[in-house]
Structure formats: structure tokens, C-alpha cells
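Worksheet: the structure to be examined is printed underneath.
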Amino acid sequence: MTMTGYFTHPSCRKHEMGPGHPECPERLDAIDDRLLISGLDVALDRREATAAATSDIELAHGRMYVAAIRGLNAELKEEITAGGPTHLQIDPDTSVNIHTWTAALNAAGAAIDATDAVMAGEMENAFCAVRPPGHHACREKAGGFCFFNNVAIAAKYALERHNLRRVAIIDFDVHHGNGTEDIVKGDERILMCSFYQHPFYPLNWDFSNAPNLCNLPVPAYTKGGDIREMIEAAWIPRLEEFKPEMIFISAGFDAHREDDMGQLGLVESDYAWMTSRIKDVARRHSKGRIVSCLEGGYVMSALSRSVEAHIRVLADV
């Protein structure tokens, strides 16, 4: 059995939000280049994702919301035909182009395809190199570069389509996964564990105290050693008690000390350590089953090195 799958789709490079935007197609190029240079690419089972069915996306999002995102694509086509702009703005940071709908379907589809492959025993775990990212996408609202919540969709899919009873979501992006929290809060079948810089984006978010959340706000300039101690004290006991049957990771790498999107102090070894601890839990309780999806990470060198460290641990190489 190939240890680790690598799911992506060409459309994920066609979605873009304008010149100079940090969430850019070059992020995936940087990751691919790093995997090639390091030789790690040969250890992966590389697969092209299929588009998610809207019925599966609606496990995490409202039907009218999904229709509205589709409608933006149709509206933009009309605008372009009439000589209008090439992008439609959703919020100050987030916009759609003519390829966004397809890319979002395939990003969510990658997470679903990875879930199916891991559940089928074709691979132990998988990494989804996709964009747009997902963890700021709420049940009924896009934002923060996100349209569909890839990890939340896959987690709900594992519960509803594969009849799992308990799954965990781990989010180590520098920003709080407010969209994931919005979708999973109160669902006793899902344990969400995260840390995030606070106060920080998303500003004015009404944080939930739902018992299935283990979220750790940390101040700016917190270093990796402190994060490790908090994970051991808070995440690991909750995960061991919960005994997830599958683990999903919102893998954001913008908490790296070189990434100026945030002000935390992690380095590659911290991402490797976190992945190793998550993998320990997965091997005890989840038959090793992990699906990891790319979220943030905006400085190309730091992003690509961190993804390499993450995948090396997943693949045991």
C-alpha cells in the first residue's frame, strides 16, 4: 500500500484574486517544485481530484449559499461579455474570477476523494494541495480567501457517507478557522482542535464555547516550543479521550516565523512534530487515517519547506 496520497487539480491554479494577492497560484507551484527537488514526489500516490457533488458540499453549507456561489460565476460571465471587470469582489480580501467555481468544486472534491481512498485502504493518509482554501468559509458565508470549507465538508462526508461515528479536525493555521467552527460547533461527532494568533483575523468573531471545541488562542510572537507544550496539555488528552476514527487537518503554514501574514514563531521542525503527534493519535485510534488539506502559507520558501516537512512525516520518509 502506498503510504500517502497527493490530491490536486489543474483548476486550482486558474482561480486567482488579482495581481499581488497573497493567496496566489504560485503557492502550488512552490510546493510542487520543493517536492520535486527534494525527491519526495516519488514517494507519493499523485491523483487528480474530481469535482465535488453539490449534494456533498451541502453537508456543510446551505443549499441557497451553494447556489449563490454558483450564481456569482454566471454573473461574472455576463459582466465579462459586456466588457466589465474580470473579478467580482465578495469582501475586501476575497473575490472570484471565471475559474473560481470550478476550482472550489475540485478543492472540495480533492478532500472527498482523499477520504474515499483512505477509507478504502488504498493509502494510509493523504495531502490535498488545493486552493481556494476553506477554513474561513462559514455555513452561509464566504470570506478570508475561502468559498467552500474543504475540511468540514470532508469530515461531514466521512460521517454521513462512510458511517463513521467520531472524527477530529486539527487546524494549525495562524488564523482561527472560524468557518469550520461555525459548521461543526455543537456536533458531538466532531472534535475540533486548533491554535491561532489572537487577537487577529477574523476580527469581531463571536467565539463559541461548544463542548466539542478545543481551541487555543495565543498571543503574537508565541514560539514553537510554547505551542508544543499547549498541544501536549490540551489537544492530546482530548483526542485520546475522543478516540477519533479519522483525522482531518486544516494545514495552514502561515504561523511560520518567516511568514509576515502573522506574527507567530513556528519553523519546519514544529510542523513535523505536530504531524508526528497527530499521526501517533491516528495510529492508536484511527487506523492511521488522516486527510490533510492546504490552508494558509504565503511566503513561498517557508511554505514549501513546511509542506515538505509535513508530508515527510505523513509518508514516513
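FYI, nothing fancy with the C-alpha cells labels: chains A, B, ... in order, residues from 1 per chain, ligands from 1 as they appear.
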Legend entry - Who sits within 12 Å of Pro85 of chain A, only C-alpha atoms, same chain under 3 positions skipped, as a PyMOL selection string: chain A and resi 17-18+75-82+88-89+95-98
Within 9 Å of segment 53-74 of chain A: each segment 95-119 of chain A residue with its shortest pair, only C-alpha atoms, as JSON lines:
```
{"residue": "A:Val96", "atom": "CA", "partner": "A:Asn73", "partner_atom": "CA", "distance": 7.6}
{"residue": "A:Asn97", "atom": "CA", "partner": "A:Asn73", "partner_atom": "CA", "distance": 7.5}
{"residue": "A:Ile98", "atom": "CA", "partner": "A:Asn73", "partner_atom": "CA", "distance": 6.1}
{"residue": "A:His99", "atom": "CA", "partner": "A:Asn73", "partner_atom": "CA", "distance": 8.0}
{"residue": "A:Thr100", "atom": "CA", "partner": "A:Asn73", "partner_atom": "CA", "distance": 7.5}
{"residue": "A:Trp101", "atom": "CA", "partner": "A:Arg70", "partner_atom": "CA", "distance": 6.3}
{"residue": "A:Leu105", "atom": "CA", "partner": "A:Ala53", "partner_atom": "CA", "distance": 7.7}
{"residue": "A:Ala108", "atom": "CA", "partner": "A:Ile57", "partner_atom": "CA", "distance": 7.5}
{"residue": "A:Gly109", "atom": "CA", "partner": "A:Ala53", "partner_atom": "CA", "distance": 7.7}
{"residue": "A:Ile112", "atom": "CA", "partner": "A:Asp56", "partner_atom": "CA", "distance": 8.6}
```
Inset, instruction - Excluding Asp254 of chain A and residues on its chain fewer than 3 positions from it, collect all residues at most 7 Å away from it, counting only C-alpha atoms, and give them as a ChimeraX atom specification. - result: /A:173-174,259,261-262,296-298
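Secondary structure by DSSP on the backbone puts the following residues of segment 164-213 of chain A in strand (DSSP E or B): A:Val167, A:Ala168, A:Ile169, A:Ile170, A:Asp171, A:Ile190, A:Leu191, A:Met192, A:Cys193, A:Ser194, A:Phe195, A:Tyr196, A:Gln197, A:Leu213.
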Print the selection's residues with N, CA and C atoms to a file, as a PDB file, in the first residue's frame.
```
ATOM      1  N   VAL A 167     -15.019  11.846  14.279  1.00  0.00           N
ATOM      2  CA  VAL A 167     -13.869  12.336  13.523  1.00  0.00           C
ATOM      3  C   VAL A 167     -13.330  13.584  14.213  1.00  0.00           C
ATOM      4  N   ALA A 168     -12.054  13.834  14.019  1.00  0.00           N
ATOM      5  CA  ALA A 168     -11.417  15.028  14.583  1.00  0.00           C
ATOM      6  C   ALA A 168     -10.931  15.934  13.469  1.00  0.00           C
ATOM      7  N   ILE A 169     -10.965  17.236  13.734  1.00  0.00           N
ATOM      8  CA  ILE A 169     -10.391  18.246  12.841  1.00  0.00           C
ATOM      9  C   ILE A 169      -9.308  18.976  13.619  1.00  0.00           C
ATOM     10  N   ILE A 170      -8.101  19.002  13.066  1.00  0.00           N
ATOM     11  CA  ILE A 170      -6.971  19.725  13.649  1.00  0.00           C
ATOM     12  C   ILE A 170      -6.654  20.905  12.739  1.00  0.00           C
ATOM     13  N   ASP A 171      -6.589  22.106  13.289  1.00  0.00           N
ATOM     14  CA  ASP A 171      -6.333  23.309  12.496  1.00  0.00           C
ATOM     15  C   ASP A 171      -5.127  24.025  13.097  1.00  0.00           C
ATOM     16  N   ILE A 190     -17.870  15.394  16.097  1.00  0.00           N
ATOM     17  CA  ILE A 190     -16.654  16.051  15.605  1.00  0.00           C
ATOM     18  C   ILE A 190     -15.973  16.776  16.758  1.00  0.00           C
ATOM     19  N   LEU A 191     -14.681  16.503  16.936  1.00  0.00           N
ATOM     20  CA  LEU A 191     -13.851  17.266  17.867  1.00  0.00           C
ATOM     21  C   LEU A 191     -12.939  18.158  17.049  1.00  0.00           C
ATOM     22  N   MET A 192     -13.017  19.478  17.271  1.00  0.00           N
ATOM     23  CA  MET A 192     -12.144  20.426  16.585  1.00  0.00           C
ATOM     24  C   MET A 192     -11.094  20.941  17.562  1.00  0.00           C
ATOM     25  N   CYS A 193      -9.817  20.748  17.208  1.00  0.00           N
ATOM     26  CA  CYS A 193      -8.694  21.256  17.996  1.00  0.00           C
ATOM     27  C   CYS A 193      -7.911  22.250  17.149  1.00  0.00           C
ATOM     28  N   SER A 194      -7.596  23.398  17.719  1.00  0.00           N
ATOM     29  CA  SER A 194      -6.818  24.381  16.965  1.00  0.00           C
ATOM     30  C   SER A 194      -6.021  25.272  17.906  1.00  0.00           C
ATOM     31  N   PHE A 195      -5.006  25.906  17.356  1.00  0.00           N
ATOM     32  CA  PHE A 195      -4.436  27.096  17.991  1.00  0.00           C
ATOM     33  C   PHE A 195      -4.430  28.181  16.941  1.00  0.00           C
ATOM     34  N   TYR A 196      -4.371  29.436  17.369  1.00  0.00           N
ATOM     35  CA  TYR A 196      -4.382  30.553  16.431  1.00  0.00           C
ATOM     36  C   TYR A 196      -3.945  31.809  17.156  1.00  0.00           C
ATOM     37  N   GLN A 197      -3.356  32.715  16.399  1.00  0.00           N
ATOM     38  CA  GLN A 197      -2.964  34.008  16.961  1.00  0.00           C
ATOM     39  C   GLN A 197      -4.211  34.806  17.313  1.00  0.00           C
ATOM     40  N   LEU A 213     -15.244  21.772  21.009  1.00  0.00           N
ATOM     41  CA  LEU A 213     -14.156  22.614  20.516  1.00  0.00           C
ATOM     42  C   LEU A 213     -13.034  22.670  21.547  1.00  0.00           C
TER      43      LEU A 213
END
```
Counting only C-alpha atoms, what are the residues of segment 98-166 of chain A within 8 Å of segment 10-13 of chain A, and for each of them which pair of atoms is the nearest and at what distance in Å, to one decimal? Sort the table by chain and rising number, as a Markdown table.
```
| residue | atom | partner | partner_atom | distance |
| --- | --- | --- | --- | --- |
| A:His99 | CA | A:Ser11 | CA | 7.0 |
| A:Thr102 | CA | A:Ser11 | CA | 6.6 |
| A:Ala103 | CA | A:Cys12 | CA | 4.8 |
| A:Ala104 | CA | A:Cys12 | CA | 7.6 |
| A:Asn106 | CA | A:Cys12 | CA | 7.4 |
| A:Ala107 | CA | A:Cys12 | CA | 7.0 |
| A:Val130 | CA | A:Cys12 | CA | 5.9 |
| A:Arg131 | CA | A:Cys12 | CA | 5.2 |
| A:Pro132 | CA | A:Cys12 | CA | 6.9 |
```
With C-alpha atoms retained, export the selected residues as a PDB file, in the first residue's frame.
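Below you can see selection32.pdb, which holds the result:
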```
ATOM      1  CA  HIS A  99     -12.435  29.790 -12.750  1.00  0.00           C
ATOM      2  CA  THR A 102     -14.644  25.022 -10.828  1.00  0.00           C
ATOM      3  CA  ALA A 103     -11.585  25.349  -8.600  1.00  0.00           C
ATOM      4  CA  ALA A 104     -13.729  25.379  -5.464  1.00  0.00           C
ATOM      5  CA  ASN A 106     -12.322  20.462  -7.256  1.00  0.00           C
ATOM      6  CA  ALA A 107     -10.726  21.618  -3.996  1.00  0.00           C
ATOM      7  CA  VAL A 130      -5.645  22.714  -3.284  1.00  0.00           C
ATOM      8  CA  ARG A 131      -6.872  26.255  -3.469  1.00  0.00           C
ATOM      9  CA  PRO A 132      -9.040  28.117  -2.755  1.00  0.00           C
TER      10      PRO A 132
END
```
Inset, instruction - Would you please give, as a count of residues only, all residues of segment 38-247 of chain A that DSSP assigns to alpha helix (DSSP H) based on the backbone? - result: 77
Inset, instruction - Determine, counting only C-alpha atoms, which protein, DNA and RNA residues have an atom within 10 Å of an atom of Ile90 of chain A; residues of the same chain fewer than 3 positions away are not included. Present the result as a list of chain:residue names. - result: A:Leu72, A:His87, A:Asp93, A:Thr94, A:Ser95, A:Val96, A:Lys141, A:Ala142, A:Gly143, A:Gly144, A:Phe145, A:Phe147
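As for atom CA of Arg257 of chain A and atom CA of Asp29 of chain A, they are spaced 21.2 Å apart.
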